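See below for the structure under consideration.
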Amino acid sequence: MKNNIKGVGSVASDTILEERKKGPFKDIYDFVKRTYSKAMNKGTLTSLILSGCFDCFEIPRKMLIHNLDLILNYAEVITYLDEEYALKPSLEIVEEYTKKELMQFEYELFGFYLRNHPVMDYRMKLGENLQVKDVKNYFDKNIGIIVEIKKVKEVVTKKGEAMCFATCEDEVDTLDIVIFPKFYVKMHFKVGDIVLLKGHVEKRYDQLQISVMGLKVLEDKND
């Protein structure tokens, strides 16, 4: 855990590890009782929840986030009262985040997906088995590949036409793509979309990239 989760600093990590040496955490209330006043704040707890650190307590992550103020109120009360007098709040039941939301939270907090990368499901469905790590074997050839759009930079040529450079990824590696004006004008996509690219593998500044001639959005970020 130490320093691997965005928003969880070394002081918080050290506190959790020290408390865990005294015995396992019984539930979320036991956790906040033993750590909140020492090194934990709402932001840190939010990161821990969304990263799945409390999944062992079998409470949906969204339910913990939804009731976080109640949980933190209990943590503050317990510092003034004996545990027998501080009633654990009843949590309002809410449905869990969608699979896509959970994956996005994990990516934001860890920098990678803990679950199957979203492109994997589409690769299986469509039979497009090529991965980014294999692109180097297809230099100067046309390929089809499923990736997630991670960064987009639109530029305007000297002729006043829009074109695009973008960075994509799958579960293993990243890939640069370029889309020239005559193709880009027909395409509509954005960061976060899962897309099927059709294009030519070439080099740019000693790095491989795909000059994209066709793009189909398989999963829209806003879906």
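By order in the structure tokens, chains are A, B, ...; within a chain, residues start at 1; ligands start at 1, following the order shown.
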Using only C-alpha atoms, find each residue of region 34-136 of chain A with at least one atom at most 10 Å away from an atom of region 173-189 of chain A; report its shortest atom-to-atom pair and that distance in Å (one decimal), sort the rows by chain and rising residue number, and return the result as a tab-separated table.
residue	atom	partner	partner_atom	distance
A:Gln131	CA	A:Asp173	CA	8.3
A:Val132	CA	A:Asp173	CA	5.9
A:Lys133	CA	A:Asp173	CA	6.2
A:Asp134	CA	A:Asp173	CA	9.8
A:Val135	CA	A:Leu175	CA	8.8
Residues near region 111-122 of chain A, cut-off 7 Å, only C-alpha atoms, skip fewer than 2 positions along chain, as a PyMOL selection string: chain A and resi 103+106-109+124-126+146-148+170-171+194
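The closest residue to Asn67 (chain A), picked from A:Thr98, A:Ser51, A:Thr46, A:Asn137 and counting only C-alpha atoms, is A:Thr46.
If only C-alpha atoms are the atoms counted, then among A:Tyr29, A:Gly144, A:Pro60, A:Tyr138 the closest residue to Ala86 (chain A) is A:Tyr29.
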